[in-house]
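Here's target-v1.cif, which has mmCIF, N, CA and C atoms:
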```cif
data_coords
loop_
_atom_site.label_atom_id
_atom_site.label_comp_id
_atom_site.auth_asym_id
_atom_site.auth_seq_id
_atom_site.Cartn_x
_atom_site.Cartn_y
_atom_site.Cartn_z
N MET S 143 0.84 -1.18 0.00
CA MET S 143 0.00 0.00 0.00
C MET S 143 0.89 1.24 0.00
N ASN S 144 0.54 2.20 -0.83
CA ASN S 144 1.29 3.46 -0.94
C ASN S 144 0.89 4.41 0.18
N ALA S 145 1.86 5.19 0.65
CA ALA S 145 1.60 6.17 1.70
C ALA S 145 2.38 7.45 1.42
N ILE S 146 1.91 8.52 2.01
CA ILE S 146 2.54 9.84 1.91
C ILE S 146 3.04 10.23 3.30
N LEU S 147 4.27 10.76 3.34
CA LEU S 147 4.81 11.31 4.58
C LEU S 147 5.22 12.75 4.31
N PHE S 148 4.45 13.69 4.84
CA PHE S 148 4.79 15.10 4.73
C PHE S 148 5.90 15.38 5.74
N PHE S 149 7.01 15.94 5.26
CA PHE S 149 8.19 16.16 6.09
C PHE S 149 8.46 17.65 6.22
N CYS S 150 8.50 18.14 7.47
CA CYS S 150 8.67 19.57 7.77
C CYS S 150 9.86 19.78 8.69
N HIS S 151 10.29 21.01 8.79
CA HIS S 151 11.43 21.33 9.65
C HIS S 151 11.08 21.20 11.13
N GLY S 152 10.08 21.93 11.60
CA GLY S 152 9.76 21.99 13.02
C GLY S 152 10.17 23.32 13.60
N SER S 153 9.60 23.65 14.75
CA SER S 153 9.87 24.93 15.39
C SER S 153 9.59 24.82 16.88
N ARG S 154 10.19 25.70 17.65
CA ARG S 154 9.89 25.75 19.08
C ARG S 154 8.53 26.42 19.34
N ASP S 155 8.03 27.15 18.36
CA ASP S 155 6.73 27.82 18.47
C ASP S 155 5.63 26.82 18.12
N PRO S 156 4.78 26.46 19.07
CA PRO S 156 3.76 25.44 18.79
C PRO S 156 2.77 25.84 17.69
N GLN S 157 2.58 27.13 17.46
CA GLN S 157 1.65 27.56 16.41
C GLN S 157 2.20 27.34 15.00
N TRP S 158 3.50 27.17 14.89
CA TRP S 158 4.14 27.00 13.59
C TRP S 158 3.60 25.78 12.85
N ARG S 159 3.20 24.75 13.59
CA ARG S 159 2.76 23.50 12.98
C ARG S 159 1.36 23.55 12.37
N VAL S 160 0.59 24.57 12.72
CA VAL S 160 -0.82 24.64 12.31
C VAL S 160 -1.01 24.52 10.79
N PRO S 161 -0.30 25.29 9.96
CA PRO S 161 -0.54 25.14 8.52
C PRO S 161 -0.18 23.75 7.99
N PHE S 162 0.80 23.11 8.59
CA PHE S 162 1.20 21.78 8.14
C PHE S 162 0.17 20.73 8.55
N GLU S 163 -0.39 20.91 9.73
CA GLU S 163 -1.49 20.02 10.13
C GLU S 163 -2.69 20.21 9.21
N GLN S 164 -2.91 21.43 8.75
CA GLN S 164 -4.02 21.69 7.84
C GLN S 164 -3.77 21.05 6.48
N ILE S 165 -2.52 21.09 6.02
CA ILE S 165 -2.19 20.40 4.76
C ILE S 165 -2.49 18.91 4.89
N LEU S 166 -2.09 18.31 5.99
CA LEU S 166 -2.36 16.89 6.21
C LEU S 166 -3.87 16.64 6.26
N ALA S 167 -4.59 17.46 6.99
CA ALA S 167 -6.05 17.30 7.09
C ALA S 167 -6.71 17.46 5.72
N ASP S 168 -6.28 18.45 4.95
CA ASP S 168 -6.84 18.65 3.60
C ASP S 168 -6.58 17.43 2.73
N PHE S 169 -5.34 16.93 2.77
CA PHE S 169 -5.00 15.75 1.97
C PHE S 169 -5.87 14.56 2.37
N ARG S 170 -5.98 14.34 3.67
CA ARG S 170 -6.77 13.20 4.14
C ARG S 170 -8.24 13.34 3.74
N SER S 171 -8.77 14.54 3.76
CA SER S 171 -10.18 14.71 3.38
C SER S 171 -10.39 14.51 1.88
N MET S 172 -9.39 14.83 1.08
CA MET S 172 -9.49 14.65 -0.37
C MET S 172 -9.19 13.21 -0.79
N HIS S 173 -8.44 12.50 0.03
CA HIS S 173 -7.99 11.14 -0.31
C HIS S 173 -8.20 10.22 0.88
N VAL S 174 -9.44 9.95 1.20
CA VAL S 174 -9.77 9.24 2.44
C VAL S 174 -9.23 7.81 2.49
N THR S 175 -8.91 7.21 1.37
CA THR S 175 -8.40 5.84 1.39
C THR S 175 -6.88 5.76 1.40
N LYS S 176 -6.21 6.91 1.34
CA LYS S 176 -4.75 6.92 1.30
C LYS S 176 -4.17 7.17 2.69
N LEU S 177 -3.06 6.51 2.95
CA LEU S 177 -2.36 6.71 4.22
C LEU S 177 -1.49 7.96 4.12
N ALA S 178 -1.48 8.75 5.17
CA ALA S 178 -0.64 9.95 5.20
C ALA S 178 -0.34 10.32 6.65
N GLU S 179 0.87 10.78 6.86
CA GLU S 179 1.30 11.26 8.17
C GLU S 179 2.16 12.50 7.97
N LEU S 180 2.41 13.17 9.07
CA LEU S 180 3.23 14.37 9.13
C LEU S 180 4.41 14.05 10.03
N ALA S 181 5.61 14.48 9.64
CA ALA S 181 6.80 14.27 10.46
C ALA S 181 7.63 15.54 10.48
N PHE S 182 8.34 15.72 11.59
CA PHE S 182 9.18 16.91 11.77
C PHE S 182 10.63 16.51 11.96
N LEU S 183 11.52 17.34 11.45
CA LEU S 183 12.95 17.11 11.59
C LEU S 183 13.40 17.36 13.03
N GLU S 184 12.90 18.44 13.61
CA GLU S 184 13.34 18.76 14.97
C GLU S 184 12.31 19.62 15.69
N PHE S 185 12.42 19.66 17.00
CA PHE S 185 11.62 20.49 17.90
C PHE S 185 10.17 20.04 18.07
N MET S 186 9.62 19.24 17.17
CA MET S 186 8.21 18.85 17.23
C MET S 186 8.07 17.36 17.01
N THR S 187 6.93 16.87 17.42
CA THR S 187 6.62 15.46 17.19
C THR S 187 5.38 15.38 16.32
N PRO S 188 5.24 14.29 15.58
CA PRO S 188 6.14 13.14 15.56
C PRO S 188 7.38 13.43 14.73
N GLU S 189 8.46 12.80 15.13
CA GLU S 189 9.67 12.85 14.33
C GLU S 189 9.56 11.84 13.21
N PHE S 190 10.56 11.79 12.36
CA PHE S 190 10.52 10.98 11.15
C PHE S 190 10.29 9.49 11.44
N ASP S 191 11.11 8.91 12.31
CA ASP S 191 11.01 7.46 12.56
C ASP S 191 9.65 7.03 13.10
N PRO S 192 9.10 7.70 14.12
CA PRO S 192 7.77 7.30 14.59
C PRO S 192 6.68 7.46 13.52
N ALA S 193 6.79 8.47 12.68
CA ALA S 193 5.80 8.65 11.61
C ALA S 193 5.91 7.51 10.58
N VAL S 194 7.14 7.12 10.26
CA VAL S 194 7.34 5.98 9.35
C VAL S 194 6.75 4.72 9.98
N GLU S 195 7.03 4.50 11.25
CA GLU S 195 6.50 3.32 11.94
C GLU S 195 4.97 3.31 11.91
N SER S 196 4.37 4.46 12.10
CA SER S 196 2.91 4.55 12.06
C SER S 196 2.37 4.14 10.71
N LEU S 197 2.99 4.63 9.64
CA LEU S 197 2.55 4.28 8.30
C LEU S 197 2.70 2.78 8.03
N ILE S 198 3.82 2.22 8.45
CA ILE S 198 4.06 0.80 8.23
C ILE S 198 3.06 -0.04 9.03
N THR S 199 2.78 0.37 10.26
CA THR S 199 1.79 -0.33 11.09
C THR S 199 0.42 -0.32 10.43
N GLN S 200 0.13 0.76 9.69
CA GLN S 200 -1.15 0.87 8.98
C GLN S 200 -1.16 0.11 7.65
N GLY S 201 -0.01 -0.47 7.28
CA GLY S 201 0.03 -1.28 6.07
C GLY S 201 0.86 -0.73 4.93
N ALA S 202 1.56 0.36 5.13
CA ALA S 202 2.36 0.95 4.05
C ALA S 202 3.50 0.03 3.64
N THR S 203 3.66 -0.14 2.34
CA THR S 203 4.79 -0.87 1.79
C THR S 203 5.63 0.03 0.88
N SER S 204 5.12 1.21 0.61
CA SER S 204 5.81 2.21 -0.20
C SER S 204 5.49 3.58 0.40
N ILE S 205 6.53 4.34 0.73
CA ILE S 205 6.33 5.64 1.36
C ILE S 205 6.98 6.72 0.51
N ARG S 206 6.18 7.67 0.05
CA ARG S 206 6.65 8.82 -0.72
C ARG S 206 6.76 10.00 0.24
N VAL S 207 7.98 10.49 0.44
CA VAL S 207 8.22 11.62 1.34
C VAL S 207 8.06 12.91 0.55
N ILE S 208 7.24 13.80 1.10
CA ILE S 208 6.98 15.11 0.49
C ILE S 208 7.61 16.18 1.38
N PRO S 209 8.79 16.69 1.01
CA PRO S 209 9.42 17.73 1.83
C PRO S 209 8.68 19.06 1.68
N LEU S 210 8.10 19.53 2.77
CA LEU S 210 7.39 20.81 2.75
C LEU S 210 8.40 21.92 3.06
N PHE S 211 9.37 22.02 2.17
CA PHE S 211 10.43 23.03 2.21
C PHE S 211 10.35 23.79 0.88
N LEU S 212 10.71 25.06 0.89
CA LEU S 212 10.65 25.83 -0.36
C LEU S 212 11.81 25.52 -1.29
N ALA S 213 12.91 25.00 -0.76
CA ALA S 213 14.06 24.71 -1.61
C ALA S 213 14.86 23.55 -1.03
N GLN S 214 15.62 22.90 -1.90
CA GLN S 214 16.54 21.87 -1.44
C GLN S 214 17.65 22.56 -0.66
N GLY S 215 18.03 21.99 0.43
CA GLY S 215 19.12 22.51 1.24
C GLY S 215 19.68 21.37 2.08
N ALA S 216 20.45 21.72 3.08
CA ALA S 216 21.09 20.71 3.91
C ALA S 216 20.07 19.79 4.58
N HIS S 217 18.95 20.35 5.00
CA HIS S 217 17.94 19.51 5.67
C HIS S 217 17.33 18.48 4.72
N THR S 218 17.09 18.89 3.48
CA THR S 218 16.46 17.95 2.55
C THR S 218 17.49 17.04 1.88
N ARG S 219 18.70 17.51 1.69
CA ARG S 219 19.71 16.65 1.07
C ARG S 219 20.40 15.77 2.11
N ARG S 220 20.94 16.36 3.14
CA ARG S 220 21.74 15.59 4.09
C ARG S 220 20.89 14.95 5.18
N ASP S 221 20.14 15.76 5.92
CA ASP S 221 19.39 15.23 7.06
C ASP S 221 18.31 14.23 6.63
N LEU S 222 17.52 14.60 5.65
CA LEU S 222 16.49 13.69 5.16
C LEU S 222 17.14 12.45 4.53
N GLY S 223 18.23 12.64 3.81
CA GLY S 223 18.96 11.50 3.24
C GLY S 223 19.40 10.51 4.30
N ASP S 224 19.93 11.03 5.41
CA ASP S 224 20.35 10.16 6.52
C ASP S 224 19.16 9.43 7.13
N LEU S 225 18.05 10.14 7.30
CA LEU S 225 16.85 9.51 7.86
C LEU S 225 16.32 8.41 6.94
N LEU S 226 16.32 8.68 5.65
CA LEU S 226 15.85 7.69 4.68
C LEU S 226 16.76 6.47 4.63
N GLU S 227 18.06 6.69 4.70
CA GLU S 227 19.00 5.58 4.68
C GLU S 227 18.78 4.67 5.90
N ALA S 228 18.62 5.27 7.06
CA ALA S 228 18.37 4.48 8.27
C ALA S 228 17.04 3.74 8.19
N ALA S 229 16.00 4.42 7.69
CA ALA S 229 14.69 3.79 7.57
C ALA S 229 14.73 2.63 6.58
N SER S 230 15.48 2.78 5.50
CA SER S 230 15.60 1.71 4.51
C SER S 230 16.30 0.49 5.09
N LEU S 231 17.28 0.72 5.94
CA LEU S 231 17.97 -0.40 6.58
C LEU S 231 17.07 -1.09 7.61
N THR S 232 16.30 -0.30 8.34
CA THR S 232 15.40 -0.84 9.35
C THR S 232 14.21 -1.56 8.72
N HIS S 233 13.77 -1.05 7.58
CA HIS S 233 12.58 -1.59 6.89
C HIS S 233 12.93 -1.94 5.44
N PRO S 234 13.70 -3.01 5.23
CA PRO S 234 14.16 -3.33 3.87
C PRO S 234 13.03 -3.71 2.90
N ASN S 235 11.87 -4.06 3.41
CA ASN S 235 10.75 -4.43 2.54
C ASN S 235 9.85 -3.25 2.17
N VAL S 236 10.21 -2.06 2.63
CA VAL S 236 9.44 -0.85 2.33
C VAL S 236 10.24 -0.02 1.32
N ARG S 237 9.55 0.42 0.27
CA ARG S 237 10.18 1.27 -0.74
C ARG S 237 9.98 2.73 -0.35
N PHE S 238 11.07 3.47 -0.25
CA PHE S 238 11.03 4.89 0.07
C PHE S 238 11.41 5.69 -1.17
N SER S 239 10.71 6.80 -1.39
CA SER S 239 11.07 7.73 -2.45
C SER S 239 10.79 9.14 -1.94
N VAL S 240 11.42 10.11 -2.60
CA VAL S 240 11.32 11.50 -2.15
C VAL S 240 10.93 12.40 -3.31
N ALA S 241 9.94 13.24 -3.08
CA ALA S 241 9.55 14.27 -4.05
C ALA S 241 10.51 15.45 -3.91
N PRO S 242 10.55 16.32 -4.91
CA PRO S 242 11.34 17.55 -4.77
C PRO S 242 10.73 18.43 -3.67
N ALA S 243 11.52 19.35 -3.15
CA ALA S 243 10.99 20.36 -2.24
C ALA S 243 9.87 21.09 -2.96
N ILE S 244 8.81 21.45 -2.23
CA ILE S 244 7.63 22.01 -2.89
C ILE S 244 7.91 23.31 -3.65
N GLY S 245 8.89 24.08 -3.21
CA GLY S 245 9.21 25.31 -3.90
C GLY S 245 9.90 25.09 -5.24
N GLU S 246 10.25 23.86 -5.53
CA GLU S 246 10.89 23.53 -6.80
C GLU S 246 9.88 23.00 -7.82
N ILE S 247 8.61 22.98 -7.45
CA ILE S 247 7.55 22.52 -8.34
C ILE S 247 6.99 23.73 -9.07
N ASP S 248 7.00 23.69 -10.41
CA ASP S 248 6.57 24.84 -11.22
C ASP S 248 5.19 25.36 -10.84
N SER S 249 4.22 24.47 -10.68
CA SER S 249 2.85 24.91 -10.39
C SER S 249 2.75 25.58 -9.02
N ILE S 250 3.56 25.13 -8.08
CA ILE S 250 3.52 25.75 -6.74
C ILE S 250 4.19 27.11 -6.78
N ARG S 251 5.32 27.22 -7.46
CA ARG S 251 5.97 28.54 -7.61
C ARG S 251 5.04 29.50 -8.32
N SER S 252 4.33 29.02 -9.33
CA SER S 252 3.39 29.87 -10.07
C SER S 252 2.25 30.32 -9.16
N ALA S 253 1.75 29.41 -8.33
CA ALA S 253 0.66 29.77 -7.40
C ALA S 253 1.14 30.82 -6.41
N ILE S 254 2.37 30.69 -5.94
CA ILE S 254 2.95 31.70 -5.02
C ILE S 254 3.05 33.05 -5.74
N SER S 255 3.58 33.03 -6.96
CA SER S 255 3.72 34.28 -7.71
C SER S 255 2.36 34.92 -7.98
N SER S 256 1.37 34.12 -8.30
CA SER S 256 0.02 34.66 -8.54
C SER S 256 -0.54 35.28 -7.27
N TRP S 257 -0.35 34.63 -6.16
CA TRP S 257 -0.84 35.17 -4.88
C TRP S 257 -0.13 36.50 -4.58
N VAL S 258 1.19 36.52 -4.76
CA VAL S 258 1.96 37.74 -4.49
C VAL S 258 1.49 38.87 -5.40
N ALA S 259 1.22 38.58 -6.65
CA ALA S 259 0.76 39.61 -7.58
C ALA S 259 -0.53 40.27 -7.09
N GLY S 260 -1.35 39.53 -6.39
CA GLY S 260 -2.58 40.09 -5.85
C GLY S 260 -2.36 40.95 -4.61
N GLN S 261 -1.15 40.97 -4.10
CA GLN S 261 -0.83 41.74 -2.89
C GLN S 261 -0.43 43.17 -3.21
N VAL S 262 -0.17 43.45 -4.49
CA VAL S 262 0.27 44.81 -4.85
C VAL S 262 -0.82 45.56 -5.60
#
```

Any chance you could put this one into structure tokens?
Amino acid sequence: MNAILFFCHGSRDPQWRVPFEQILADFRSMHVTKLAELAFLEFMTPEFDPAVESLITQGATSIRVIPLFLAQGAHTRRDLGDLLEAASLTHPNVRFSVAPAIGEIDSIRSAISSWVAGQV
């Protein structure tokens, strides 16, 4: 079974997570039969490993990680890479893949630009 793992940075400010929880809730409401979880790199829970475990417990055999970052950087290249490598070793029967950072998707950049154009 395919699953989605939304991956975010995290913050010490508890309100910071609200938009990411809304993204997860929106996805779940649009795709009620698909597995999806939210994971944070630091400062917040769930962290990556517990979120992966949750998806696998629910039946996931393939996990697509969606980095909710505007650009590729050390967190998405190095930190996420390390987390994925460890998860792959721990769960050799689960296929992991990673989408580009959301800011690198043409349609998302275009939506941001369109929104900004309405601000002036």

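Nearest to Ile244 (chain S) of all the residues S:Leu177, S:Ala213, S:Val258, S:Leu147 is S:Ala213, based on only C-alpha atoms.
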
Atom C of Gly152 (chain S) to CA of Leu183 (chain S) measures 7.1 Å

Skipping near chain neighbours, those fewer than 3 positions away, what residues fall within 12 Å of Asp155 (chain S) using only C-alpha atoms, listed as a count of residues only?
8

Check chain S with DSSP on the backbone and list each residue it calls helix (DSSP H, G or I), as a ChimeraX atom specification.
/S:156-172,190-199,216-232,244-246,248-259

If you run DSSP on the backbone here, which positions in chain S get strand (DSSP E)? Please write them as a tab-separated table (two decimals) with N, CA and C atoms, keeping the file's coordinate frame.
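Writing the result to part13.tsv gives the following:
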```tsv
chain	number	residue	atom	x	y	z
S	144	ASN	N	0.54	2.20	-0.83
S	144	ASN	CA	1.29	3.46	-0.94
S	144	ASN	C	0.89	4.41	0.18
S	145	ALA	N	1.86	5.19	0.65
S	145	ALA	CA	1.60	6.17	1.70
S	145	ALA	C	2.38	7.45	1.42
S	146	ILE	N	1.91	8.52	2.01
S	146	ILE	CA	2.54	9.84	1.91
S	146	ILE	C	3.04	10.23	3.30
S	147	LEU	N	4.27	10.76	3.34
S	147	LEU	CA	4.81	11.31	4.58
S	147	LEU	C	5.22	12.75	4.31
S	148	PHE	N	4.45	13.69	4.84
S	148	PHE	CA	4.79	15.10	4.73
S	148	PHE	C	5.90	15.38	5.74
S	149	PHE	N	7.01	15.94	5.26
S	149	PHE	CA	8.19	16.16	6.09
S	149	PHE	C	8.46	17.65	6.22
S	150	CYS	N	8.50	18.14	7.47
S	150	CYS	CA	8.67	19.57	7.77
S	150	CYS	C	9.86	19.78	8.69
S	177	LEU	N	-3.06	6.51	2.95
S	177	LEU	CA	-2.36	6.71	4.22
S	177	LEU	C	-1.49	7.96	4.12
S	178	ALA	N	-1.48	8.75	5.17
S	178	ALA	CA	-0.64	9.95	5.20
S	178	ALA	C	-0.34	10.32	6.65
S	179	GLU	N	0.87	10.78	6.86
S	179	GLU	CA	1.30	11.26	8.17
S	179	GLU	C	2.16	12.50	7.97
S	180	LEU	N	2.41	13.17	9.07
S	180	LEU	CA	3.23	14.37	9.13
S	180	LEU	C	4.41	14.05	10.03
S	181	ALA	N	5.61	14.48	9.64
S	181	ALA	CA	6.80	14.27	10.46
S	181	ALA	C	7.63	15.54	10.48
S	182	PHE	N	8.34	15.72	11.59
S	182	PHE	CA	9.18	16.91	11.77
S	182	PHE	C	10.63	16.51	11.96
S	204	SER	N	5.12	1.21	0.61
S	204	SER	CA	5.81	2.21	-0.20
S	204	SER	C	5.49	3.58	0.40
S	205	ILE	N	6.53	4.34	0.73
S	205	ILE	CA	6.33	5.64	1.36
S	205	ILE	C	6.98	6.72	0.51
S	206	ARG	N	6.18	7.67	0.05
S	206	ARG	CA	6.65	8.82	-0.72
S	206	ARG	C	6.76	10.00	0.24
S	207	VAL	N	7.98	10.49	0.44
S	207	VAL	CA	8.22	11.62	1.34
S	207	VAL	C	8.06	12.91	0.55
S	208	ILE	N	7.24	13.80	1.10
S	208	ILE	CA	6.98	15.11	0.49
S	208	ILE	C	7.61	16.18	1.38
S	209	PRO	N	8.79	16.69	1.01
S	209	PRO	CA	9.42	17.73	1.83
S	209	PRO	C	8.68	19.06	1.68
S	237	ARG	N	9.55	0.42	0.27
S	237	ARG	CA	10.18	1.27	-0.74
S	237	ARG	C	9.98	2.73	-0.35
S	238	PHE	N	11.07	3.47	-0.25
S	238	PHE	CA	11.03	4.89	0.07
S	238	PHE	C	11.41	5.69	-1.17
S	239	SER	N	10.71	6.80	-1.39
S	239	SER	CA	11.07	7.73	-2.45
S	239	SER	C	10.79	9.14	-1.94
S	240	VAL	N	11.42	10.11	-2.60
S	240	VAL	CA	11.32	11.50	-2.15
S	240	VAL	C	10.93	12.40	-3.31
```

Using only N, CA and C atoms, determine which residues lie at most 5 Å from Phe182 (chain S), disregarding the query and same-chain residues fewer than 3 positions distant; provide the list as an NGL selection string.
:S and (150-151 or 188-190)
